[in-house]
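Listing of work.cif; format and content: mmCIF, C-alpha atoms and all ligand atoms.
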data_coords
loop_
_atom_site.label_atom_id
_atom_site.label_comp_id
_atom_site.auth_asym_id
_atom_site.auth_seq_id
_atom_site.Cartn_x
_atom_site.Cartn_y
_atom_site.Cartn_z
CA ASN A 1 -22.54 -2.14 13.12
CA GLU A 2 -19.95 -4.08 11.12
CA GLN A 3 -22.49 -5.57 8.77
CA SER A 4 -23.35 -2.25 7.18
CA TYR A 5 -19.95 -1.76 5.58
CA ARG A 6 -19.00 -2.93 2.17
CA TRP A 7 -15.55 -4.08 3.26
CA GLN A 8 -14.70 -6.01 6.40
CA ARG A 9 -10.99 -6.34 5.71
CA VAL A 10 -9.00 -3.94 3.57
CA LEU A 11 -5.42 -3.73 2.40
CA LEU A 12 -4.04 -0.23 2.39
CA LYS A 13 -0.98 0.34 0.24
CA VAL A 14 0.97 3.36 1.47
CA SER A 15 3.55 4.35 -1.09
CA GLY A 16 6.83 5.89 -0.07
CA GLU A 17 5.92 8.88 -2.20
CA ALA A 18 2.85 9.50 -0.04
CA LEU A 19 4.90 9.31 3.18
CA ALA A 20 7.28 11.96 1.94
CA GLY A 21 4.47 14.49 1.62
CA ASP A 22 5.85 17.74 0.31
CA GLN A 23 8.77 17.63 2.72
CA MET A 24 12.43 17.61 1.90
CA GLN A 25 12.94 14.82 4.44
CA ASN A 26 12.17 11.22 3.66
CA ILE A 27 9.17 11.02 5.93
CA ASP A 28 6.73 13.75 6.88
CA PRO A 29 5.40 13.08 10.40
CA LYS A 30 2.26 15.04 9.52
CA VAL A 31 1.53 12.46 6.83
CA THR A 32 2.12 9.45 9.08
CA MET A 33 -0.13 11.06 11.72
CA ALA A 34 -2.84 11.74 9.14
CA ILE A 35 -2.69 8.11 8.03
CA ALA A 36 -2.73 6.92 11.64
CA ARG A 37 -5.84 9.02 12.37
CA GLU A 38 -7.66 7.68 9.34
CA VAL A 39 -6.72 4.13 10.21
CA ALA A 40 -8.01 4.73 13.74
CA THR A 41 -11.33 5.98 12.36
CA VAL A 42 -11.66 2.94 10.14
CA THR A 43 -10.68 0.34 12.75
CA ARG A 44 -13.17 1.91 15.18
CA LEU A 45 -15.88 1.04 12.68
CA GLY A 46 -14.83 -2.58 13.06
CA ILE A 47 -13.09 -2.76 9.69
CA GLU A 48 -9.85 -4.74 9.73
CA VAL A 49 -6.89 -2.90 8.27
CA ALA A 50 -3.68 -4.39 6.90
CA ILE A 51 -1.04 -2.11 5.43
CA VAL A 52 1.74 -2.64 2.91
CA VAL A 53 4.31 0.14 2.97
CA GLY A 54 6.51 1.19 0.08
CA GLY A 55 10.02 2.53 0.30
CA GLY A 56 10.44 4.79 -2.70
CA ASN A 57 10.81 7.86 -0.48
CA ILE A 58 14.08 6.41 0.78
CA PHE A 59 15.41 4.03 -1.83
CA ARG A 60 14.09 2.60 -5.08
CA GLY A 61 16.14 -0.34 -6.33
CA SER A 62 15.51 0.18 -10.01
CA SER A 63 16.80 3.74 -10.03
CA TRP A 64 20.02 2.81 -8.23
CA ALA A 65 20.84 -0.42 -10.06
CA GLY A 66 23.83 0.07 -12.28
CA CYS A 67 25.33 2.87 -10.19
CA SER A 68 28.83 2.07 -9.01
CA GLY A 69 28.43 -1.58 -9.88
CA LEU A 70 25.32 -2.05 -7.75
CA ASP A 71 23.47 -5.03 -9.16
CA ARG A 72 19.70 -5.02 -9.21
CA SER A 73 19.23 -7.63 -6.52
CA SER A 74 21.46 -5.80 -4.04
CA ALA A 75 19.72 -2.53 -4.85
CA ASP A 76 16.34 -4.18 -4.33
CA TYR A 77 17.35 -5.58 -0.95
CA ILE A 78 18.27 -2.06 0.11
CA GLY A 79 14.86 -0.93 -1.16
CA MET A 80 13.15 -3.62 0.91
CA LEU A 81 15.07 -2.49 3.99
CA ALA A 82 13.81 1.03 3.30
CA THR A 83 10.23 -0.22 3.58
CA VAL A 84 11.07 -1.59 7.05
CA MET A 85 12.12 1.89 8.17
CA ASN A 86 8.83 3.32 6.95
CA ALA A 87 6.91 0.49 8.62
CA ILE A 88 8.51 1.13 12.01
CA PHE A 89 7.88 4.86 11.71
CA LEU A 90 4.26 4.24 10.85
CA GLN A 91 3.91 1.70 13.66
CA ALA A 92 5.36 4.11 16.22
CA THR A 93 3.01 6.85 15.03
CA MET A 94 -0.04 4.60 15.23
CA GLU A 95 0.85 3.27 18.66
CA SER A 96 1.35 6.85 19.89
CA ILE A 97 -2.37 7.39 19.36
CA GLY A 98 -3.31 4.04 20.82
CA ILE A 99 -3.77 1.84 17.77
CA PRO A 100 -2.45 -1.67 18.47
CA THR A 101 -0.09 -2.52 15.63
CA ARG A 102 2.18 -5.35 14.51
CA VAL A 103 4.88 -5.18 11.87
CA GLN A 104 5.61 -8.36 9.93
CA THR A 105 8.61 -8.53 7.63
CA ALA A 106 8.94 -10.71 4.55
CA PHE A 107 12.43 -11.72 5.67
CA ARG A 108 13.50 -12.26 9.26
CA MET A 109 14.55 -9.30 11.37
CA SER A 110 13.34 -10.83 14.59
CA GLU A 111 14.74 -8.17 16.91
CA VAL A 112 12.79 -5.54 15.02
CA ALA A 113 9.54 -7.13 13.93
CA GLU A 114 7.69 -10.41 13.60
CA PRO A 115 8.37 -12.56 10.56
CA TYR A 116 5.49 -12.76 8.11
CA ILE A 117 3.23 -15.62 9.13
CA ARG A 118 -0.02 -15.55 7.27
CA ARG A 119 -2.20 -17.18 9.89
CA ARG A 120 -0.75 -15.04 12.62
CA ALA A 121 -1.38 -11.91 10.57
CA VAL A 122 -5.01 -12.90 10.15
CA ARG A 123 -5.32 -13.57 13.88
CA HIS A 124 -3.95 -10.10 14.65
CA LEU A 125 -6.50 -8.57 12.32
CA GLU A 126 -9.33 -10.52 13.91
CA LYS A 127 -8.22 -9.14 17.27
CA GLY A 128 -8.48 -5.61 15.92
CA ARG A 129 -4.76 -5.01 15.49
CA VAL A 130 -3.42 -3.25 12.45
CA VAL A 131 -0.82 -5.36 10.64
CA ILE A 132 1.89 -3.59 8.69
CA PHE A 133 3.63 -5.76 6.12
CA ALA A 134 7.21 -4.68 5.45
CA ALA A 135 10.04 -5.74 3.13
CA GLY A 136 7.67 -6.15 0.19
CA THR A 137 7.48 -9.71 -1.08
CA GLY A 138 10.98 -10.45 0.22
CA ASN A 139 12.18 -10.92 -3.36
CA PRO A 140 14.17 -8.60 -5.57
CA PHE A 141 12.64 -7.62 -8.93
CA PHE A 142 9.25 -7.09 -7.34
CA THR A 143 7.54 -4.01 -5.97
CA THR A 144 5.50 -3.22 -2.93
CA ASP A 145 2.47 -2.85 -5.21
CA THR A 146 2.87 -6.52 -6.00
CA ALA A 147 3.35 -7.21 -2.30
CA ALA A 148 0.05 -5.38 -1.69
CA ALA A 149 -1.80 -7.51 -4.24
CA LEU A 150 -0.16 -10.68 -2.91
CA ARG A 151 -0.86 -10.03 0.76
CA CYS A 152 -4.39 -8.92 -0.09
CA ALA A 153 -5.03 -12.27 -1.77
CA GLU A 154 -3.31 -14.22 1.00
CA ILE A 155 -5.22 -12.73 3.91
CA ASN A 156 -8.50 -12.57 1.97
CA ALA A 157 -8.78 -8.81 2.16
CA GLN A 158 -11.50 -7.55 -0.12
CA VAL A 159 -9.90 -4.53 -1.70
CA VAL A 160 -6.54 -2.84 -2.30
CA LEU A 161 -6.67 0.85 -1.44
CA LYS A 162 -3.73 2.83 -2.65
CA ALA A 163 -2.76 6.03 -0.87
CA THR A 164 -0.67 8.24 -3.11
CA ASN A 165 -0.22 11.93 -3.79
CA VAL A 166 -2.64 12.07 -6.70
CA ASP A 167 -6.42 12.20 -6.31
CA GLY A 168 -7.11 9.18 -8.50
CA VAL A 169 -5.95 7.50 -11.68
CA TYR A 170 -5.32 9.82 -14.64
CA ASP A 171 -4.70 9.00 -18.28
CA ASP A 172 -1.48 11.01 -18.02
CA ASP A 173 0.66 12.54 -15.30
CA PRO A 174 -1.53 15.41 -13.98
CA LYS A 175 1.53 17.18 -12.59
CA ARG A 176 3.04 17.46 -16.04
CA ASN A 177 -0.01 17.50 -18.28
CA PRO A 178 -2.80 19.95 -17.26
CA ASN A 179 -5.18 18.21 -19.66
CA ALA A 180 -4.81 14.81 -18.02
CA ARG A 181 -8.21 13.23 -17.44
CA LEU A 182 -9.31 11.57 -14.20
CA LEU A 183 -10.49 8.04 -14.94
CA GLU A 184 -13.31 7.05 -12.65
CA ASP A 185 -13.82 3.48 -13.69
CA LEU A 186 -11.32 1.12 -15.24
CA THR A 187 -10.86 -2.48 -16.19
CA TYR A 188 -7.69 -4.36 -15.38
CA HIS A 189 -7.11 -4.58 -19.10
CA GLU A 190 -7.28 -0.80 -19.50
CA VAL A 191 -4.77 -0.33 -16.72
CA THR A 192 -2.25 -2.59 -18.44
CA SER A 193 -2.96 -1.73 -22.08
CA LYS A 194 -2.94 2.03 -21.53
CA ASP A 195 0.15 1.62 -19.39
CA LEU A 196 -1.44 3.61 -16.55
CA SER A 197 1.13 3.76 -13.84
CA VAL A 198 -1.29 3.27 -10.93
CA MET A 199 0.32 -0.10 -10.24
CA ASP A 200 2.85 -2.17 -12.12
CA MET A 201 1.82 -4.99 -14.44
CA THR A 202 2.72 -7.79 -12.05
CA ALA A 203 0.54 -6.25 -9.36
CA ILE A 204 -2.39 -5.59 -11.69
CA THR A 205 -2.21 -9.10 -13.12
CA LEU A 206 -2.30 -10.55 -9.63
CA CYS A 207 -5.33 -8.37 -8.83
CA GLN A 208 -7.01 -9.47 -12.03
CA GLU A 209 -6.37 -13.17 -11.50
CA ASN A 210 -7.78 -12.96 -8.00
CA ASN A 211 -10.53 -10.53 -8.82
CA ILE A 212 -9.24 -7.97 -6.33
CA PRO A 213 -10.75 -4.53 -6.80
CA GLY A 214 -8.73 -1.47 -6.04
CA THR A 215 -8.76 2.26 -5.88
CA SER A 216 -6.20 5.00 -5.68
CA LYS A 217 -6.79 8.23 -3.75
CA PRO A 218 -4.80 10.65 -1.64
CA SER A 219 -6.61 9.76 1.55
CA PHE A 220 -7.49 6.38 3.00
CA LEU A 221 -11.03 7.44 3.86
CA HIS A 222 -11.48 8.92 0.44
CA ALA A 223 -10.29 5.68 -1.09
CA LEU A 224 -12.67 3.67 1.06
CA CYS A 225 -15.61 5.77 -0.01
CA SER A 226 -14.72 6.10 -3.64
CA CYS A 227 -16.61 4.18 -6.23
CA TRP A 228 -13.81 3.35 -8.56
CA ARG A 229 -12.65 -0.23 -8.95
CA TRP A 230 -10.13 -1.86 -11.21
CA SER A 231 -12.90 -3.75 -12.90
CA LEU A 232 -16.38 -3.29 -11.56
CA LYS A 233 -18.53 -0.24 -11.48
CA ARG A 234 -19.58 1.61 -8.36
CA ASP A 235 -18.99 0.37 -4.89
CA PHE A 236 -19.46 2.17 -1.67
CA LEU A 237 -18.58 1.73 1.90
CA THR A 238 -22.16 2.29 2.95
CA GLY A 239 -22.77 4.35 6.04
CA LEU A 240 -19.57 6.37 6.07
N1 LIG B 1 11.37 -4.11 -3.42
C1 LIG B 1 11.77 -5.38 -3.82
N2 LIG B 1 10.86 -6.40 -3.72
C2 LIG B 1 9.61 -6.23 -3.26
C3 LIG B 1 9.22 -4.93 -2.88
C4 LIG B 1 10.11 -3.89 -2.96
O1 LIG B 1 12.88 -5.58 -4.25
O2 LIG B 1 8.85 -7.20 -3.18
C5 LIG B 1 12.36 -3.00 -3.44
C6 LIG B 1 12.53 -2.34 -4.79
O3 LIG B 1 13.88 -1.98 -4.95
C7 LIG B 1 11.68 -1.09 -4.65
C8 LIG B 1 11.89 -0.72 -3.21
O4 LIG B 1 11.96 -1.98 -2.55
O5 LIG B 1 12.09 -0.08 -5.52
C9 LIG B 1 10.84 0.16 -2.61
O6 LIG B 1 9.55 -0.33 -2.91
P1 LIG B 1 8.58 0.41 -3.96
O7 LIG B 1 9.38 1.03 -5.04
O8 LIG B 1 7.54 -0.57 -4.36
O9 LIG B 1 7.97 1.51 -3.02
P2 LIG B 1 6.89 2.67 -3.40
O10 LIG B 1 6.94 2.92 -4.87
O11 LIG B 1 5.57 2.16 -2.98
O12 LIG B 1 7.32 3.81 -2.57
#
Could you spell out this file's structure in structure tokens?
Ligand code: UDP
Amino acid sequence: NEQSYRWQRVLLKVSGEALAGDQMQNIDPKVTMAIAREVATVTRLGIEVAIVVGGGNIFRGSSWAGCSGLDRSSADYIGMLATVMNAIFLQATMESIGIPTRVQTAFRMSEVAEPYIRRRAVRHLEKGRVVIFAAGTGNPFFTTDTAAALRCAEINAQVVLKATNVDGVYDDDPKRNPNARLLEDLTYHEVTSKDLSVMDMTAITLCQENNIPGTSKPSFLHALCSCWRWSLKRDFLTGL
């Protein structure tokens, strides 16, 4: 029964970091399969799932800019191409377990994937297909977090769910600081003023302006069920 769930359409942000798992390679197939299985579970409930993939496991523009004369825009285009690789890997994994999937890229790569067309993306979702948005926003100087917030607003998804390696948002890096505290409930303002690195400022501002709640967890299902939002207290996907 679709009516019993809090969210009908969700935007899952899969960071490159999450795809890498604890592997030495860029992508851990165990991770893509785990994501695919969770997505399958969620779509079977009748919840529409759109995904924005990151690319940091392969290439992050900001950390390469400046090296050997690489300007930021060129570096960022390489970063965006990295997200396309992740998207195709994720698509292939999902289709291998029978989830109908479309990849849409923010710039044209028509032999590889569909171009991003908002209304077509929405139609795919309505038909029960998972839509993977690749190449971020298509613009250098942005991130895939911002792409997630943007696409979420565009397709009227109700929440941004961020799948990362950490089990929530901490007030410090839990890997480096054992005393870092898990923050259960946050306002957009707290995220920006405390410089919490859950999402960058542009992305958070976009979420705030459009009143998009979000959560960050290591698993998609966990994120769906968690009660943490950027701004509002407690929310559940009832029935899961
Ligand atoms: N990128 C970009 N514009 C966008 C999205 C991404 O230029 O709209 C580039 C940027 O270089 C970024 C890279 O793509 O470092 C990979 O994306 P991101 O770092 O957001 O991936 P994640 O951190 O989620 O793995």
Review point. So how many Å separate atom CA of Ala203 of chain A and atom CA of Tyr188 of chain A, to one decimal?
Key: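 One can read the atom CA of Ala203 of chain A to atom CA of Tyr188 of chain A distance as 10.4 Å.
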Practice item. Kindly indicate which residue among A:Arg123, A:Lys175, A:Arg151, A:Arg72 lies nearest to ligand LIG 1 (chain B), using all atoms listed in the file for the distances. Key: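 Once distances to ligand LIG 1 (chain B) are computed over all atoms listed in the file, the minimum belongs to A:Arg72.
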Practice item. Using all atoms listed in the file, pick whichever of A:Ser15, A:Ser110, A:Ser216, A:Asn86 has the shortest atom-to-atom distance to Gly168 of chain A. Key: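 Checking each of A:Ser15, A:Ser110, A:Ser216, A:Asn86 against Gly168 of chain A, counting all atoms listed in the file, the winner is A:Ser216.
Using all atoms listed in the file, the smallest distance between any of A:His124, A:Arg6, A:Lys162, A:Arg37 and Ala18 of chain A comes from A:Lys162.
Pairwise distance (atom CA of Met109 of chain A, atom CA of Ala87 of chain A) equals 12.7 Å.
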Review point. So, counting all atoms listed in the file, which residue among A:Glu114, A:Asp22, A:Asp28, A:Glu126 is closest to Ile47 of chain A?
Key: A:Glu126
As an mmCIF file with C-alpha atoms, in the frame of the given file, please: the residues near Thr205 of chain A (cut-off 12 Å, all atoms listed in the file, same-chain neighbours under 6 positions excluded).
data_model
loop_
_atom_site.group_PDB
_atom_site.id
_atom_site.type_symbol
_atom_site.label_atom_id
_atom_site.label_comp_id
_atom_site.auth_asym_id
_atom_site.auth_seq_id
_atom_site.Cartn_x
_atom_site.Cartn_y
_atom_site.Cartn_z
ATOM 1 C CA ASP A 145 2.470 -2.850 -5.210
ATOM 2 C CA THR A 146 2.870 -6.520 -6.000
ATOM 3 C CA ALA A 149 -1.800 -7.510 -4.240
ATOM 4 C CA LEU A 150 -0.160 -10.680 -2.910
ATOM 5 C CA THR A 187 -10.860 -2.480 -16.190
ATOM 6 C CA TYR A 188 -7.690 -4.360 -15.380
ATOM 7 C CA HIS A 189 -7.110 -4.580 -19.100
ATOM 8 C CA GLU A 190 -7.280 -0.800 -19.500
ATOM 9 C CA VAL A 191 -4.770 -0.330 -16.720
ATOM 10 C CA THR A 192 -2.250 -2.590 -18.440
ATOM 11 C CA SER A 193 -2.960 -1.730 -22.080
ATOM 12 C CA MET A 199 0.320 -0.100 -10.240
ATOM 13 C CA ASN A 211 -10.530 -10.530 -8.820
ATOM 14 C CA ILE A 212 -9.240 -7.970 -6.330
ATOM 15 C CA PRO A 213 -10.750 -4.530 -6.800
ATOM 16 C CA TRP A 230 -10.130 -1.860 -11.210
ATOM 17 C CA SER A 231 -12.900 -3.750 -12.900
#
Exercise for review: Tell me which protein, DNA and RNA residues are within 12 Å of Gln25 of chain A, counting all atoms listed in the file, leaving out same-chain ones fewer than 5 positions away, and put them as a PyMOL selection string.
Suggested key: chain A and resi 16-17+19-20+30-31+57-58
Give one line per residue of chain A that approaches ligand LIG 1 (chain B) to at most 10 Å, naming the two atoms of the closest pair and their distance in Å to one decimal, counting all atoms listed in the file; sort by chain then ascending residue number and deliver it as JSON lines.
{"residue": "A:Lys13", "atom": "CA", "partner": "B:LIG1", "partner_atom": "O11", "distance": 7.5}
{"residue": "A:Val14", "atom": "CA", "partner": "B:LIG1", "partner_atom": "O11", "distance": 6.5}
{"residue": "A:Ser15", "atom": "CA", "partner": "B:LIG1", "partner_atom": "O11", "distance": 3.5}
{"residue": "A:Gly16", "atom": "CA", "partner": "B:LIG1", "partner_atom": "O12", "distance": 3.3}
{"residue": "A:Glu17", "atom": "CA", "partner": "B:LIG1", "partner_atom": "O12", "distance": 5.3}
{"residue": "A:Ala18", "atom": "CA", "partner": "B:LIG1", "partner_atom": "O12", "distance": 7.7}
{"residue": "A:Leu19", "atom": "CA", "partner": "B:LIG1", "partner_atom": "O12", "distance": 8.3}
{"residue": "A:Ala20", "atom": "CA", "partner": "B:LIG1", "partner_atom": "O12", "distance": 9.3}
{"residue": "A:Val52", "atom": "CA", "partner": "B:LIG1", "partner_atom": "O11", "distance": 8.5}
{"residue": "A:Val53", "atom": "CA", "partner": "B:LIG1", "partner_atom": "O11", "distance": 6.4}
{"residue": "A:Gly54", "atom": "CA", "partner": "B:LIG1", "partner_atom": "O11", "distance": 3.3}
{"residue": "A:Gly55", "atom": "CA", "partner": "B:LIG1", "partner_atom": "C9", "distance": 3.8}
{"residue": "A:Gly56", "atom": "CA", "partner": "B:LIG1", "partner_atom": "O12", "distance": 3.3}
{"residue": "A:Asn57", "atom": "CA", "partner": "B:LIG1", "partner_atom": "O12", "distance": 5.7}
{"residue": "A:Ile58", "atom": "CA", "partner": "B:LIG1", "partner_atom": "C9", "distance": 7.8}
{"residue": "A:Phe59", "atom": "CA", "partner": "B:LIG1", "partner_atom": "C9", "distance": 6.0}
{"residue": "A:Arg60", "atom": "CA", "partner": "B:LIG1", "partner_atom": "O5", "distance": 3.4}
{"residue": "A:Gly61", "atom": "CA", "partner": "B:LIG1", "partner_atom": "O3", "distance": 3.1}
{"residue": "A:Ser62", "atom": "CA", "partner": "B:LIG1", "partner_atom": "O5", "distance": 5.7}
{"residue": "A:Ser63", "atom": "CA", "partner": "B:LIG1", "partner_atom": "O5", "distance": 7.6}
{"residue": "A:Trp64", "atom": "CA", "partner": "B:LIG1", "partner_atom": "O3", "distance": 8.4}
{"residue": "A:Ala65", "atom": "CA", "partner": "B:LIG1", "partner_atom": "O3", "distance": 8.8}
{"residue": "A:Arg72", "atom": "CA", "partner": "B:LIG1", "partner_atom": "O3", "distance": 7.8}
{"residue": "A:Ser73", "atom": "CA", "partner": "B:LIG1", "partner_atom": "O1", "distance": 7.0}
{"residue": "A:Ser74", "atom": "CA", "partner": "B:LIG1", "partner_atom": "O3", "distance": 8.5}
{"residue": "A:Ala75", "atom": "CA", "partner": "B:LIG1", "partner_atom": "O3", "distance": 5.9}
{"residue": "A:Asp76", "atom": "CA", "partner": "B:LIG1", "partner_atom": "O3", "distance": 3.4}
{"residue": "A:Tyr77", "atom": "CA", "partner": "B:LIG1", "partner_atom": "O1", "distance": 5.6}
{"residue": "A:Ile78", "atom": "CA", "partner": "B:LIG1", "partner_atom": "O3", "distance": 6.7}
{"residue": "A:Gly79", "atom": "CA", "partner": "B:LIG1", "partner_atom": "O4", "distance": 3.4}
{"residue": "A:Met80", "atom": "CA", "partner": "B:LIG1", "partner_atom": "O4", "distance": 4.0}
{"residue": "A:Leu81", "atom": "CA", "partner": "B:LIG1", "partner_atom": "O4", "distance": 7.3}
{"residue": "A:Ala82", "atom": "CA", "partner": "B:LIG1", "partner_atom": "C9", "distance": 6.7}
{"residue": "A:Thr83", "atom": "CA", "partner": "B:LIG1", "partner_atom": "C9", "distance": 6.2}
{"residue": "A:Val84", "atom": "CA", "partner": "B:LIG1", "partner_atom": "O4", "distance": 9.6}
{"residue": "A:Asn86", "atom": "CA", "partner": "B:LIG1", "partner_atom": "O12", "distance": 9.7}
{"residue": "A:Ala106", "atom": "CA", "partner": "B:LIG1", "partner_atom": "O2", "distance": 8.5}
{"residue": "A:Ala134", "atom": "CA", "partner": "B:LIG1", "partner_atom": "C3", "distance": 8.6}
{"residue": "A:Ala135", "atom": "CA", "partner": "B:LIG1", "partner_atom": "C3", "distance": 6.1}
{"residue": "A:Gly136", "atom": "CA", "partner": "B:LIG1", "partner_atom": "C3", "distance": 3.6}
{"residue": "A:Thr137", "atom": "CA", "partner": "B:LIG1", "partner_atom": "O2", "distance": 3.5}
{"residue": "A:Gly138", "atom": "CA", "partner": "B:LIG1", "partner_atom": "O2", "distance": 5.2}
{"residue": "A:Asn139", "atom": "CA", "partner": "B:LIG1", "partner_atom": "N2", "distance": 4.7}
{"residue": "A:Pro140", "atom": "CA", "partner": "B:LIG1", "partner_atom": "O1", "distance": 3.5}
{"residue": "A:Phe141", "atom": "CA", "partner": "B:LIG1", "partner_atom": "O1", "distance": 5.1}
{"residue": "A:Phe142", "atom": "CA", "partner": "B:LIG1", "partner_atom": "N2", "distance": 4.0}
{"residue": "A:Thr143", "atom": "CA", "partner": "B:LIG1", "partner_atom": "C3", "distance": 3.6}
{"residue": "A:Thr144", "atom": "CA", "partner": "B:LIG1", "partner_atom": "O8", "distance": 3.6}
{"residue": "A:Asp145", "atom": "CA", "partner": "B:LIG1", "partner_atom": "O8", "distance": 5.6}
{"residue": "A:Thr146", "atom": "CA", "partner": "B:LIG1", "partner_atom": "O2", "distance": 6.6}
{"residue": "A:Ala147", "atom": "CA", "partner": "B:LIG1", "partner_atom": "O2", "distance": 5.6}
{"residue": "A:Ala148", "atom": "CA", "partner": "B:LIG1", "partner_atom": "O2", "distance": 9.1}
{"residue": "A:Leu150", "atom": "CA", "partner": "B:LIG1", "partner_atom": "O2", "distance": 9.7}
{"residue": "A:Lys162", "atom": "CA", "partner": "B:LIG1", "partner_atom": "O11", "distance": 9.3}
{"residue": "A:Ala163", "atom": "CA", "partner": "B:LIG1", "partner_atom": "O11", "distance": 9.4}
{"residue": "A:Thr164", "atom": "CA", "partner": "B:LIG1", "partner_atom": "O11", "distance": 8.7}
{"residue": "A:Met199", "atom": "CA", "partner": "B:LIG1", "partner_atom": "O10", "distance": 9.0}
{"residue": "A:Asp200", "atom": "CA", "partner": "B:LIG1", "partner_atom": "O8", "distance": 9.2}
Exercise for review: For atom CA of Gln91 of chain A and atom CA of Val103 of chain A, quote the distance in Å rounded to one decimal.
Suggested key: 7.2 Å
Point to revise | For Gly46 of chain A, the nearest of the candidates A:Ala121, A:Met201, A:Val10, A:Val159, counting all atoms listed in the file | key: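 Counting all atoms listed in the file, the residue closest to Gly46 of chain A is A:Val10.
Minimum atom-to-atom distance to Asp173 of chain A, evaluated using all atoms listed in the file, belongs to A:Val198 out of A:Met24, A:Val198, A:Gly214, A:Arg9.
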Could the residues of segment 109-186 of chain A that have an atom at most 7 Å from segment 93-102 of chain A be listed as JSON lines, each with its closest atom pair and the distance in Å to one decimal, counting all atoms listed in the file and ordered by chain and ascending residue number?
{"residue": "A:Arg129", "atom": "CA", "partner": "A:Pro100", "partner_atom": "CA", "distance": 5.0}
{"residue": "A:Val130", "atom": "CA", "partner": "A:Thr101", "partner_atom": "CA", "distance": 4.7}
{"residue": "A:Val131", "atom": "CA", "partner": "A:Arg102", "partner_atom": "CA", "distance": 4.9}
{"residue": "A:Ile132", "atom": "CA", "partner": "A:Arg102", "partner_atom": "CA", "distance": 6.1}
